[in-house]
$ cat coords_35.cif   # mmCIF, C-alpha atoms and all ligand atoms
data_protein
loop_
_atom_site.label_atom_id
_atom_site.label_comp_id
_atom_site.auth_asym_id
_atom_site.auth_seq_id
_atom_site.Cartn_x
_atom_site.Cartn_y
_atom_site.Cartn_z
CA MET A 1 13.57 13.79 20.26
CA LEU A 2 12.70 13.77 16.56
CA VAL A 3 9.27 12.58 15.45
CA VAL A 4 7.90 12.00 11.96
CA LYS A 5 4.12 12.31 11.89
CA LYS A 6 2.23 11.27 8.77
CA PHE A 7 -1.41 12.20 8.17
CA GLY A 8 -3.48 10.53 5.46
CA GLY A 9 -6.02 12.15 3.14
CA SER A 10 -9.02 11.91 5.44
CA SER A 11 -7.03 13.52 8.28
CA VAL A 12 -6.50 16.66 6.18
CA ALA A 13 -9.76 16.52 4.21
CA ASP A 14 -10.87 20.09 5.04
CA ASN A 15 -9.73 23.25 6.80
CA GLU A 16 -11.04 22.17 10.15
CA ARG A 17 -9.08 18.91 10.01
CA ILE A 18 -5.97 20.73 8.85
CA MET A 19 -6.20 22.97 11.93
CA ASN A 20 -6.79 19.87 14.09
CA VAL A 21 -3.60 18.27 12.73
CA ALA A 22 -1.63 21.48 13.25
CA ARG A 23 -2.74 21.68 16.88
CA ARG A 24 -1.85 18.05 17.53
CA CYS A 25 1.60 18.52 16.04
CA LEU A 26 2.10 21.58 18.24
CA GLU A 27 1.83 19.42 21.34
CA ASP A 28 5.07 17.67 20.38
CA TYR A 29 6.72 20.89 19.20
CA ARG A 30 6.00 22.62 22.51
CA LYS A 31 7.66 19.74 24.35
CA GLY A 32 10.82 20.76 22.52
CA HIS A 33 10.75 17.92 19.99
CA GLN A 34 11.79 18.31 16.38
CA VAL A 35 8.71 17.67 14.26
CA VAL A 36 8.56 16.51 10.65
CA VAL A 37 5.05 16.24 9.20
CA VAL A 38 4.33 14.17 6.08
CA LEU A 39 1.00 14.74 4.36
CA SER A 40 -1.17 13.05 1.76
CA ALA A 41 -3.40 14.97 -0.62
CA MET A 42 -6.65 16.24 0.91
CA GLY A 43 -9.53 13.75 1.05
CA LYS A 44 -10.09 12.02 -2.27
CA THR A 45 -8.02 14.51 -4.28
CA THR A 46 -5.79 11.87 -5.87
CA ASP A 47 -8.81 9.84 -7.06
CA GLY A 48 -10.31 13.04 -8.50
CA LEU A 49 -7.12 13.90 -10.37
CA ILE A 50 -6.87 10.40 -11.83
CA ALA A 51 -10.51 10.58 -12.96
CA LYS A 52 -9.87 13.95 -14.61
CA ALA A 53 -6.86 12.57 -16.45
CA HIS A 54 -8.84 9.61 -17.74
CA GLU A 55 -11.63 11.86 -18.99
CA ILE A 56 -9.14 13.48 -21.33
CA ASP A 57 -7.02 10.46 -22.16
CA PRO A 58 -8.01 6.90 -21.17
CA ASN A 59 -4.35 5.92 -21.26
CA PRO A 60 -2.44 9.00 -20.07
CA PRO A 61 1.37 9.09 -20.37
CA LYS A 62 2.74 8.03 -16.99
CA ARG A 63 5.08 10.98 -16.78
CA GLU A 64 2.23 13.43 -17.19
CA LEU A 65 0.00 11.56 -14.75
CA ASP A 66 2.70 11.90 -12.09
CA MET A 67 3.12 15.56 -12.95
CA LEU A 68 -0.59 15.94 -12.20
CA LEU A 69 -0.78 13.76 -9.08
CA VAL A 70 2.07 15.47 -7.24
CA THR A 71 0.00 18.66 -7.14
CA GLY A 72 -2.40 17.11 -4.58
CA GLU A 73 0.22 16.81 -1.85
CA GLN A 74 1.55 20.31 -2.56
CA VAL A 75 -1.86 21.76 -1.77
CA SER A 76 -2.03 20.08 1.63
CA VAL A 77 1.54 20.89 2.73
CA SER A 78 1.29 24.57 1.82
CA LEU A 79 -2.08 24.92 3.57
CA MET A 80 -0.62 23.16 6.62
CA ALA A 81 2.30 25.62 6.70
CA MET A 82 -0.26 28.44 6.66
CA ALA A 83 -2.15 26.74 9.50
CA PHE A 84 1.03 26.78 11.62
CA HIS A 85 1.66 30.39 10.63
CA SER A 86 -1.84 31.32 11.79
CA LEU A 87 -1.02 29.71 15.14
CA GLY A 88 2.19 31.73 15.39
CA VAL A 89 4.57 28.80 14.85
CA PRO A 90 7.39 28.83 12.27
CA ALA A 91 6.96 26.13 9.65
CA VAL A 92 8.08 25.42 6.11
CA SER A 93 6.60 23.16 3.45
CA LEU A 94 8.86 21.22 1.07
CA ASN A 95 7.99 19.10 -1.95
CA GLY A 96 9.85 16.07 -3.29
CA VAL A 97 12.17 18.20 -5.42
CA GLN A 98 13.01 20.67 -2.68
CA VAL A 99 13.99 18.00 -0.12
CA PRO A 100 15.06 16.32 -2.51
CA MET A 101 13.69 12.77 -2.42
CA GLN A 102 15.51 10.91 -5.18
CA THR A 103 13.70 7.98 -6.76
CA THR A 104 14.07 5.41 -9.51
CA SER A 105 12.69 6.53 -12.84
CA ALA A 106 9.52 4.39 -13.05
CA TYR A 107 6.65 6.87 -13.09
CA GLY A 108 3.74 5.77 -10.94
CA THR A 109 5.73 3.07 -9.14
CA ALA A 110 8.98 4.84 -8.32
CA LYS A 111 11.10 3.61 -5.42
CA LEU A 112 12.93 5.95 -3.08
CA LYS A 113 16.69 5.70 -3.56
CA ARG A 114 18.18 8.48 -1.51
CA ILE A 115 16.94 11.34 0.61
CA ARG A 116 19.17 14.34 1.15
CA THR A 117 18.51 15.55 4.65
CA GLU A 118 20.59 18.76 4.85
CA ARG A 119 17.73 21.11 4.07
CA ILE A 120 15.34 19.44 6.52
CA ARG A 121 17.99 19.35 9.24
CA ASN A 122 18.77 23.04 8.79
CA GLU A 123 15.11 23.97 9.02
CA LEU A 124 14.66 21.80 12.12
CA GLU A 125 17.74 23.38 13.72
CA SER A 126 16.12 26.79 13.31
CA ARG A 127 13.10 25.41 15.23
CA LYS A 128 10.76 25.17 12.27
CA ILE A 129 8.20 22.45 11.82
CA VAL A 130 9.02 20.84 8.47
CA ILE A 131 6.10 19.68 6.35
CA VAL A 132 6.94 17.32 3.49
CA THR A 133 4.76 16.11 0.61
CA GLY A 134 4.17 12.36 0.80
CA PHE A 135 4.06 10.02 -2.20
CA GLN A 136 6.41 11.97 -4.48
CA GLY A 137 10.02 12.34 -5.51
CA ILE A 138 12.32 13.29 -8.35
CA ASN A 139 14.09 10.93 -10.76
CA ARG A 140 17.37 11.23 -12.63
CA TYR A 141 15.72 13.09 -15.48
CA GLU A 142 14.62 15.70 -12.92
CA ASP A 143 11.03 14.67 -13.48
CA MET A 144 8.59 14.28 -10.65
CA THR A 145 7.56 10.74 -9.79
CA THR A 146 5.07 9.07 -7.48
CA LEU A 147 5.55 5.99 -5.31
CA GLY A 148 2.24 4.18 -5.99
CA ARG A 149 -1.14 4.59 -4.30
CA GLY A 150 -0.85 4.91 -0.55
CA GLY A 151 2.84 5.78 -0.91
CA SER A 152 2.88 8.61 1.65
CA ASP A 153 3.40 6.04 4.38
CA THR A 154 6.62 5.04 2.65
CA THR A 155 7.76 8.66 2.41
CA ALA A 156 7.23 9.00 6.16
CA VAL A 157 9.16 5.86 7.06
CA ALA A 158 11.97 6.72 4.65
CA LEU A 159 12.30 10.16 6.22
CA ALA A 160 12.22 8.64 9.69
CA ALA A 161 15.04 6.29 8.69
CA ALA A 162 17.12 9.01 7.00
CA LEU A 163 16.72 11.40 9.95
CA HIS A 164 17.15 8.65 12.58
CA ALA A 165 13.80 9.67 14.05
CA ASP A 166 12.74 8.19 17.37
CA VAL A 167 9.36 7.18 16.02
CA CYS A 168 7.26 7.31 12.87
CA GLU A 169 3.60 7.88 13.69
CA ILE A 170 1.06 7.08 10.97
CA TYR A 171 -2.22 8.89 11.69
CA THR A 172 -5.29 7.68 9.83
CA ASP A 173 -9.07 7.39 10.07
CA VAL A 174 -9.13 4.21 12.18
CA GLU A 175 -7.49 3.63 15.56
CA GLY A 176 -4.83 1.15 14.49
CA VAL A 177 -4.36 -2.16 12.70
CA TYR A 178 -7.29 -4.53 13.18
CA THR A 179 -7.81 -8.25 12.56
CA ALA A 180 -9.75 -7.16 9.44
CA ASP A 181 -10.81 -3.86 7.86
CA PRO A 182 -13.13 -2.43 10.55
CA ARG A 183 -15.32 -1.00 7.79
CA ILE A 184 -16.04 -4.52 6.57
CA VAL A 185 -15.98 -6.28 9.95
CA PRO A 186 -17.24 -3.80 12.54
CA HIS A 187 -16.37 -6.16 15.43
CA ALA A 188 -12.76 -6.68 14.25
CA ARG A 189 -10.24 -6.48 17.07
CA LYS A 190 -7.48 -3.88 17.28
CA LEU A 191 -3.98 -5.39 17.53
CA LYS A 192 -1.77 -3.91 20.26
CA GLU A 193 1.33 -4.78 18.31
CA VAL A 194 2.26 -6.59 15.14
CA SER A 195 5.61 -7.78 13.79
CA TYR A 196 7.11 -6.30 10.64
CA ASP A 197 6.84 -9.64 8.83
CA GLU A 198 3.18 -10.15 9.55
CA MET A 199 2.33 -6.52 8.83
CA LEU A 200 4.23 -6.74 5.55
CA GLU A 201 2.24 -9.78 4.50
CA PHE A 202 -1.00 -8.19 5.74
CA ALA A 203 -0.37 -4.96 3.81
CA SER A 204 0.61 -6.89 0.69
CA VAL A 205 -2.68 -8.80 0.61
CA GLY A 206 -4.94 -5.78 0.93
CA ALA A 207 -4.83 -4.36 4.48
CA LYS A 208 -4.24 -0.96 2.96
CA VAL A 209 -3.96 0.76 6.33
CA LEU A 210 -0.21 0.74 5.58
CA HIS A 211 1.59 0.87 2.23
CA ASN A 212 3.47 -2.43 2.05
CA ARG A 213 6.77 -0.79 1.07
CA SER A 214 6.60 1.39 4.18
CA VAL A 215 6.66 -1.77 6.30
CA GLU A 216 9.47 -3.26 4.24
CA MET A 217 11.49 -0.12 4.80
CA ALA A 218 10.66 0.08 8.50
CA LYS A 219 11.93 -3.49 8.91
CA LYS A 220 15.08 -2.82 6.94
CA TYR A 221 16.04 0.26 8.94
CA GLY A 222 14.46 -0.71 12.27
CA VAL A 223 12.04 2.22 12.29
CA ARG A 224 9.48 1.99 15.08
CA MET A 225 6.03 2.61 13.57
CA VAL A 226 2.82 3.38 15.37
CA VAL A 227 -0.56 3.44 13.60
CA LEU A 228 -3.18 5.60 15.27
CA SER A 229 -6.16 7.88 14.74
CA SER A 230 -5.87 11.59 14.02
CA LEU A 231 -9.34 12.12 15.49
CA THR A 232 -9.23 10.25 18.81
CA ARG A 233 -6.62 9.72 21.51
CA ALA A 234 -6.91 5.94 21.53
CA GLU A 235 -3.71 3.93 21.82
CA GLY A 236 -2.71 2.68 18.39
CA THR A 237 -0.90 -0.38 17.05
CA VAL A 238 2.88 -0.65 17.31
CA VAL A 239 4.68 -2.27 14.37
CA LYS A 240 8.10 -3.55 15.40
CA GLU A 241 10.56 -6.42 15.25
CA GLY A 242 9.59 -9.57 17.11
CA ALA A 243 6.31 -8.19 18.38
CA LYS A 244 4.92 -10.90 20.55
CA MET A 245 2.15 -12.25 18.47
CA GLU A 246 -0.82 -13.26 20.41
CA ARG A 247 -0.22 -16.93 19.75
CA MET A 248 -2.94 -17.20 17.18
CA LEU A 249 -2.85 -19.39 14.13
CA VAL A 250 -4.31 -16.60 12.10
CA SER A 251 -3.90 -12.94 12.95
CA GLY A 252 -5.85 -11.23 10.20
CA VAL A 253 -8.10 -11.38 7.15
CA ALA A 254 -7.92 -8.99 4.20
CA ALA A 255 -9.49 -8.49 0.81
CA ASP A 256 -7.84 -6.99 -2.25
CA LYS A 257 -10.25 -5.81 -4.90
CA ASN A 258 -7.60 -4.29 -7.14
CA THR A 259 -7.23 -7.64 -8.85
CA ALA A 260 -7.83 -9.17 -12.25
CA ARG A 261 -7.22 -12.65 -13.65
CA ILE A 262 -5.47 -13.33 -16.93
CA SER A 263 -5.42 -16.73 -18.62
CA VAL A 264 -2.96 -17.54 -21.38
CA ILE A 265 -4.51 -20.55 -23.02
CA GLY A 266 -3.01 -23.32 -25.12
CA VAL A 267 0.66 -22.37 -24.96
CA LYS A 268 3.19 -24.97 -26.11
CA ASN A 269 4.12 -27.47 -23.41
CA GLU A 270 7.87 -26.80 -23.63
CA PRO A 271 10.55 -25.04 -21.54
CA GLY A 272 10.82 -21.26 -21.58
CA ILE A 273 7.20 -20.20 -22.08
CA ALA A 274 6.55 -19.17 -18.48
CA PHE A 275 9.88 -17.35 -18.50
CA LYS A 276 8.89 -15.40 -21.61
CA ILE A 277 5.51 -14.36 -20.22
CA PHE A 278 6.63 -13.32 -16.76
CA ASN A 279 9.89 -11.75 -17.87
CA MET A 280 7.98 -9.56 -20.30
CA LEU A 281 5.57 -8.45 -17.58
CA ALA A 282 8.37 -7.87 -15.06
CA ARG A 283 10.34 -5.75 -17.52
CA ASN A 284 7.26 -3.55 -17.76
CA HIS A 285 6.97 -3.29 -13.96
CA ILE A 286 3.80 -5.39 -13.84
CA ASN A 287 3.57 -7.46 -10.68
CA VAL A 288 2.07 -10.90 -10.91
CA ASP A 289 0.57 -12.69 -7.95
CA ILE A 290 -1.21 -16.06 -7.90
CA ILE A 291 0.11 -18.23 -10.75
CA ILE A 292 -1.44 -21.53 -11.79
CA GLN A 293 -0.26 -23.73 -14.63
CA SER A 294 -2.46 -26.55 -15.77
CA VAL A 295 -1.16 -30.06 -16.22
CA GLY A 296 -0.16 -30.27 -19.89
CA ARG A 297 -2.62 -31.93 -22.27
CA GLU A 298 -0.82 -33.40 -25.27
CA ASP A 299 1.46 -30.61 -26.40
CA ARG A 300 -0.43 -27.66 -24.88
CA LYS A 301 -1.06 -26.16 -21.42
CA ASP A 302 -2.69 -23.07 -19.84
CA ILE A 303 -1.15 -20.51 -17.51
CA SER A 304 -3.39 -18.29 -15.37
CA PHE A 305 -2.30 -15.54 -13.00
CA THR A 306 -3.52 -12.38 -11.32
CA VAL A 307 -2.33 -8.80 -11.78
CA ALA A 308 -3.47 -5.54 -10.24
CA ARG A 309 -6.59 -4.35 -12.05
CA THR A 310 -4.83 -1.06 -12.65
CA ASP A 311 -2.20 -2.98 -14.68
CA LEU A 312 -4.67 -5.15 -16.59
CA GLN A 313 -4.95 -3.06 -19.73
CA GLU A 314 -1.19 -2.76 -20.12
CA ALA A 315 -0.65 -6.45 -19.40
CA MET A 316 -3.26 -7.49 -21.98
CA THR A 317 -1.79 -5.19 -24.61
CA LEU A 318 1.66 -6.66 -24.04
CA LEU A 319 0.44 -10.25 -24.13
CA ASN A 320 -1.69 -9.69 -27.23
CA GLU A 321 1.19 -8.03 -29.05
CA ASN A 322 3.38 -11.03 -28.22
CA GLN A 323 0.79 -13.76 -28.65
CA ALA A 324 2.84 -15.59 -31.28
CA ALA A 325 6.09 -15.39 -29.31
CA ILE A 326 4.45 -16.94 -26.26
CA THR A 327 2.70 -19.51 -28.50
CA ALA A 328 -0.75 -18.76 -26.99
CA GLN A 329 -3.92 -19.89 -28.77
CA LYS A 330 -6.04 -17.47 -26.78
CA ILE A 331 -5.65 -14.86 -24.04
CA THR A 332 -8.59 -14.04 -21.76
CA CYS A 333 -9.13 -11.89 -18.70
CA GLU A 334 -11.66 -11.32 -15.95
CA GLU A 335 -12.08 -8.15 -13.88
CA GLY A 336 -14.80 -8.77 -11.30
CA VAL A 337 -12.64 -10.80 -8.95
CA ALA A 338 -11.05 -10.21 -5.55
CA LYS A 339 -8.42 -11.89 -3.43
CA VAL A 340 -9.25 -12.80 0.13
CA SER A 341 -6.35 -13.80 2.35
CA ILE A 342 -5.65 -14.93 5.87
CA ILE A 343 -2.25 -14.27 7.39
CA GLY A 344 -0.62 -15.61 10.50
CA ALA A 345 2.75 -16.92 11.64
CA GLY A 346 1.32 -20.11 13.12
CA MET A 347 -0.14 -21.34 9.87
CA LEU A 348 2.46 -23.54 8.25
CA SER A 349 2.69 -26.09 11.02
CA ASN A 350 -1.06 -26.47 11.22
CA PRO A 351 -2.66 -28.39 8.37
CA GLY A 352 -6.23 -27.62 9.44
CA VAL A 353 -6.03 -23.90 8.68
CA ALA A 354 -6.65 -24.05 4.93
CA ALA A 355 -9.51 -26.49 5.36
CA LYS A 356 -11.13 -24.22 7.93
CA MET A 357 -10.93 -21.25 5.57
CA PHE A 358 -12.38 -23.27 2.69
CA GLU A 359 -15.14 -24.58 4.94
CA ALA A 360 -16.13 -21.02 5.87
CA LEU A 361 -16.32 -20.09 2.18
CA TYR A 362 -18.26 -23.25 1.36
CA SER A 363 -20.79 -22.52 4.07
CA GLY A 364 -21.36 -19.16 2.37
CA ASN A 365 -21.66 -20.90 -0.99
CA ILE A 366 -18.66 -18.93 -2.26
CA ASN A 367 -16.80 -20.51 -5.15
CA ILE A 368 -12.98 -20.49 -5.14
CA LYS A 369 -11.36 -19.75 -8.51
CA MET A 370 -7.68 -19.93 -7.56
CA ILE A 371 -5.66 -20.69 -4.42
CA ALA A 372 -2.17 -19.66 -3.39
CA THR A 373 -0.29 -20.27 -0.16
CA SER A 374 2.94 -19.13 1.46
CA GLU A 375 4.41 -19.84 4.87
CA ILE A 376 2.23 -17.27 6.54
CA ARG A 377 -0.71 -16.72 4.23
CA ILE A 378 -3.45 -18.42 2.27
CA THR A 379 -5.09 -16.50 -0.55
CA VAL A 380 -8.14 -17.38 -2.60
CA LEU A 381 -9.48 -15.68 -5.68
CA ILE A 382 -13.27 -15.31 -5.66
CA ASP A 383 -15.97 -13.16 -7.27
CA GLU A 384 -15.61 -9.54 -6.17
CA GLU A 385 -19.24 -9.33 -5.12
CA ASP A 386 -18.60 -12.05 -2.52
CA ALA A 387 -15.46 -10.44 -1.08
CA ASN A 388 -16.84 -8.56 1.94
CA ARG A 389 -19.07 -11.44 2.92
CA ALA A 390 -16.14 -13.83 2.61
CA VAL A 391 -13.98 -11.64 4.87
CA ARG A 392 -16.71 -11.63 7.53
CA MET A 393 -17.29 -15.37 7.32
CA VAL A 394 -13.59 -16.24 7.51
CA HIS A 395 -13.04 -13.73 10.34
CA ASP A 396 -15.85 -15.36 12.30
CA ALA A 397 -14.67 -18.88 11.52
CA PHE A 398 -11.30 -18.16 13.12
CA GLU A 399 -12.96 -16.33 16.03
CA LEU A 400 -10.76 -13.27 15.60
CA ALA A 401 -13.14 -10.86 17.33
CA ASP A 402 -12.86 -10.17 21.06
P1 LIG B 501 -4.93 7.21 4.87
O1 LIG B 501 -5.60 8.12 3.92
O2 LIG B 501 -4.89 7.74 6.27
O3 LIG B 501 -3.60 6.74 4.40
P2 LIG B 501 -6.08 4.69 4.07
O4 LIG B 501 -7.43 4.76 3.51
O5 LIG B 501 -4.92 4.51 3.17
O6 LIG B 501 -5.90 5.96 5.00
O7 LIG B 501 -5.99 3.52 5.17
C1 LIG B 501 -6.91 3.47 6.24
C2 LIG B 501 -8.04 2.51 5.90
O8 LIG B 501 -7.50 1.20 5.80
C3 LIG B 501 -9.10 2.40 6.94
O9 LIG B 501 -10.09 3.38 6.78
C4 LIG B 501 -9.63 0.99 6.75
O10 LIG B 501 -10.87 1.00 6.07
C5 LIG B 501 -8.59 0.31 5.88
N1 LIG B 501 -8.14 -0.97 6.39
C6 LIG B 501 -8.04 -2.11 5.65
N2 LIG B 501 -7.63 -3.13 6.39
C7 LIG B 501 -7.44 -2.66 7.64
C8 LIG B 501 -6.99 -3.26 8.87
N3 LIG B 501 -6.68 -4.55 8.94
N4 LIG B 501 -6.91 -2.48 9.96
C9 LIG B 501 -7.23 -1.17 9.90
N5 LIG B 501 -7.66 -0.55 8.78
C10 LIG B 501 -7.76 -1.28 7.65
N1 LIG B 502 -2.38 10.73 -2.17
C1 LIG B 502 -1.82 9.44 -2.53
C2 LIG B 502 -2.92 8.42 -2.72
O1 LIG B 502 -4.09 8.75 -2.56
C3 LIG B 502 -0.78 8.97 -1.57
C4 LIG B 502 -1.28 8.63 -0.19
O2 LIG B 502 -2.36 9.08 0.22
O3 LIG B 502 -0.56 7.94 0.52
O4 LIG B 502 -2.64 7.31 -3.07
MG MG B 503 -2.98 5.21 3.12
#
$ encode --input "coords_35.cif" --output "structure tokens" --more "lines below"
Ligand code: ADP
Ligand code: ASP
Ligand code: MG
Amino acid sequence: MLVVKKFGGSSVADNERIMNVARRCLEDYRKGHQVVVVLSAMGKTTDGLIAKAHEIDPNPPKRELDMLLVTGEQVSVSLMAMAFHSLGVPAVSLNGVQVPMQTTSAYGTAKLKRIRTERIRNELESRKIVIVTGFQGINRYEDMTTLGRGGSDTTAVALAAALHADVCEIYTDVEGVYTADPRIVPHARKLKEVSYDEMLEFASVGAKVLHNRSVEMAKKYGVRMVVLSSLTRAEGTVVKEGAKMERMLVSGVAADKNTARISVIGVKNEPGIAFKIFNMLARNHINVDIIIQSVGREDRKDISFTVARTDLQEAMTLLNENQAAITAQKITCEEGVAKVSIIGAGMLSNPGVAAKMFEALYSGNINIKMIATSEIRITVLIDEEDANRAVRMVHDAFELAD
């Protein structure tokens, strides 16, 4: 049996936790399994490195930022190899170049293209535990890249797919996937299993327990994922195809605070303007979420949309530079906002769901700034300071707790 085990930052935050992870991995190794370990940077290392970069340069070149960030994961994998050595077990650490994990060229948001598995397979054949840096790869210029925040999950699933692993276990600081972030809703309920589609939607709207691309990849290659705690032995959550959803209208609530709203005001009411705006953002790898266009008034209209707050500065620079081309009279933005979403497969066929969510927000006197819906989600944009309260109120309204 081949297992890929991924441990997030809090699971390797200090020496004691590194030894704890090593011992847990040994249990599988001693059963005769082949063990691949994928690690994040220790604790809040990545946040610290980003802060350091911004102290020197508020707008650091993306190539150099990636060059800096990849160091975090190299610290944890090398220390983990030493931990195994101290326990008398052969192990080897590999970074994204040594594997190699080939990615697209976009620094900071690179996508994995191809993983060469020969080196890993050889090391596994010689009964070594192989420890791989999460979150990083190498592009066609032989530069190091990163996969976006939380990307180690995607590294783990990609390796599991490439190595045809039997399972990809994602160890974190909670015991599985819950109906809402258990840090915001302490009585949230742990899901026994969740389908790829629902988990994908859940991760995309802010349930950051899994990187959304890791779920996308798991679905594509049929990788069985389990989310569980590195600190307890509790049964986790299985993510798989056709998981039998507990026939609920709504299966989860999530908040995404990495959000900002942009309004492009007074653009000409003629074909092609939306294309120009969103094509320009897409070409610069800026994802856009909720989009609202006002009904035209005379010859003008407004277009508002949300972007990740981390992309706001770049998006505003682009829009301002092209203000004339997009015929905008004014461009404004707002940072202190958050998206709150409910997801669930039973939603579309039930018209009362949106009203129930809005009623919960109304009863908390929370104002809705924008609304977006898809087949299995409803998202509202609200003030960031209301976000946690909104999650709790909506969670309670749908009676998602036990
Ligand atoms: P790691 O460093 O292990 O990758 P993350 O911080 O990326 O950990 O993800 C785990 C965190 O995700 C939890 O501590 C929890 O606060 C948060 N989280 C958000 N939504 C959920 C959810 N629906 N279920 C479980 N955890 C969630
Ligand atoms: N260390 C990276 C981050 O903090 C990747 C990860 O933890 O998944 O985003
Ligand atoms: Mg994570």
$ atom_distance --input "coords_35.cif" --atom1 "CA of Lys192 (chain A)" --atom2 "CA of Phe398 (chain A)"
18.6 Å
$ closest_residue --input "coords_35.cif" --among "A:Ile303, A:Val194, A:Leu69, A:Val21" --to "Gly252 (chain A)" --atoms "all atoms listed in the file"
A:Val194
$ closest_residue --input "coords_35.cif" --among "A:Lys128, A:His33, A:Arg17, A:Lys6" --to "Thr154 (chain A)" --atoms "only C-alpha atoms"
A:Lys6
$ closest_residue --input "coords_35.cif" --among "A:Val89, A:Val70, A:Met347, A:Val239" --to "Glu193 (chain A)" --atoms "only C-alpha atoms"
A:Val239
$ atom_distance --input "coords_35.cif" --atom1 "CA of Met1 (chain A)" --atom2 "CA of Met19 (chain A)"
23.3 Å
$ residues_around --input "coords_35.cif" --residues "Ser341 (chain A)" --least-positions-apart "2" --cutoff "7 Å" --atoms "all atoms listed in the file" --output "list in words"
Val205, Val253, Ala254, Ala255, Lys339, Ile343, Arg377, Ile378, Thr379 and Val380 of chain A
$ atom_distance --input "coords_35.cif" --atom1 "CA of Val167 (chain A)" --atom2 "atom O2 of ligand LIG 501 (chain B)"
17.3 Å
$ closest_residue --input "coords_35.cif" --among "A:Val130, A:Ala325, A:Ala355, A:Ile170" --to "ligand MG 503 (chain B)" --atoms "all atoms listed in the file"
A:Ile170
$ closest_residue --input "coords_35.cif" --among "A:Ala81, A:Val391, A:Leu49, A:Ile184" --to "Cys25 (chain A)" --atoms "only C-alpha atoms"
A:Ala81
$ residues_near_ligand --input "coords_35.cif" --ligand "ligand LIG 501 (chain B)" --cutoff "7 Å" --atoms "all atoms listed in the file" --output "PyMOL selection string"
chain A and resi 7-11+40+150+171-174+176-183+206-210+252+254
$ write_last_selection --input "coords_35.cif" --atoms "C-alpha atoms" --output "tab-separated table (two decimals), in the frame of the given file"
chain	number	residue	atom	x	y	z
A	7	PHE	CA	-1.41	12.20	8.17
A	8	GLY	CA	-3.48	10.53	5.46
A	9	GLY	CA	-6.02	12.15	3.14
A	10	SER	CA	-9.02	11.91	5.44
A	11	SER	CA	-7.03	13.52	8.28
A	40	SER	CA	-1.17	13.05	1.76
A	150	GLY	CA	-0.85	4.91	-0.55
A	171	TYR	CA	-2.22	8.89	11.69
A	172	THR	CA	-5.29	7.68	9.83
A	173	ASP	CA	-9.07	7.39	10.07
A	174	VAL	CA	-9.13	4.21	12.18
A	176	GLY	CA	-4.83	1.15	14.49
A	177	VAL	CA	-4.36	-2.16	12.70
A	178	TYR	CA	-7.29	-4.53	13.18
A	179	THR	CA	-7.81	-8.25	12.56
A	180	ALA	CA	-9.75	-7.16	9.44
A	181	ASP	CA	-10.81	-3.86	7.86
A	182	PRO	CA	-13.13	-2.43	10.55
A	183	ARG	CA	-15.32	-1.00	7.79
A	206	GLY	CA	-4.94	-5.78	0.93
A	207	ALA	CA	-4.83	-4.36	4.48
A	208	LYS	CA	-4.24	-0.96	2.96
A	209	VAL	CA	-3.96	0.76	6.33
A	210	LEU	CA	-0.21	0.74	5.58
A	252	GLY	CA	-5.85	-11.23	10.20
A	254	ALA	CA	-7.92	-8.99	4.20
$ residues_near_point --input "coords_35.cif" --point "(15.6, 17.7, -10.3)" --cutoff "12 Å" --atoms "all atoms listed in the file" --output "list in words"
Asn95, Gly96, Val97, Gln98, Val99, Pro100, Met101, Gln102, Thr103, Ser105, Gly137, Ile138, Asn139, Arg140, Tyr141, Glu142, Asp143, Met144 and Thr145 of chain A
$ residues_around --input "coords_35.cif" --residues "Gly88 (chain A)" --least-positions-apart "5" --cutoff "12 Å" --atoms "all atoms listed in the file" --output "list in words"
Ala22, Arg23, Leu26, Ala81, Met82, Ala83, Lys128 and Ile129 of chain A
$ closest_residue --input "coords_35.cif" --among "A:Val394, A:Glu270, A:Ala345, A:Ser263" --to "Ile331 (chain A)" --atoms "all atoms listed in the file"
A:Ser263
$ residues_around --input "coords_35.cif" --residues "Arg121 (chain A)" --least-positions-apart "3" --cutoff "10 Å" --atoms "all atoms listed in the file" --output "PyMOL selection string"
chain A and resi 34+36+116-118+124-128+130+163
$ residues_around --input "coords_35.cif" --residues "region 53-57 of chain A" --least-positions-apart "4" --cutoff "12 Å" --atoms "all atoms listed in the file" --output "list in words"
Thr46, Asp47, Gly48, Leu49, Pro61, Lys62, Glu64, Leu65, Asp66, Met67, Leu68 and Leu69 of chain A
$ write_last_selection --input "coords_35.cif" --atoms "C-alpha atoms" --output "mmCIF file, in the frame of the given file"
data_model
loop_
_atom_site.group_PDB
_atom_site.id
_atom_site.type_symbol
_atom_site.label_atom_id
_atom_site.label_comp_id
_atom_site.auth_asym_id
_atom_site.auth_seq_id
_atom_site.Cartn_x
_atom_site.Cartn_y
_atom_site.Cartn_z
ATOM 1 C CA THR A 46 -5.790 11.870 -5.870
ATOM 2 C CA ASP A 47 -8.810 9.840 -7.060
ATOM 3 C CA GLY A 48 -10.310 13.040 -8.500
ATOM 4 C CA LEU A 49 -7.120 13.900 -10.370
ATOM 5 C CA PRO A 61 1.370 9.090 -20.370
ATOM 6 C CA LYS A 62 2.740 8.030 -16.990
ATOM 7 C CA GLU A 64 2.230 13.430 -17.190
ATOM 8 C CA LEU A 65 0.000 11.560 -14.750
ATOM 9 C CA ASP A 66 2.700 11.900 -12.090
ATOM 10 C CA MET A 67 3.120 15.560 -12.950
ATOM 11 C CA LEU A 68 -0.590 15.940 -12.200
ATOM 12 C CA LEU A 69 -0.780 13.760 -9.080
#
$ residues_around --input "coords_35.cif" --residues "Tyr196 (chain A)" --least-positions-apart "6" --cutoff "7 Å" --atoms "all atoms listed in the file" --output "PDB file with C-alpha atoms, in the coordinates of the input"
ATOM      1  CA  VAL A 215       6.660  -1.770   6.300  1.00  0.00           C
ATOM      2  CA  LYS A 219      11.930  -3.490   8.910  1.00  0.00           C
ATOM      3  CA  VAL A 239       4.680  -2.270  14.370  1.00  0.00           C
ATOM      4  CA  LYS A 240       8.100  -3.550  15.400  1.00  0.00           C
ATOM      5  CA  GLU A 241      10.560  -6.420  15.250  1.00  0.00           C
TER       6      GLU A 241
END
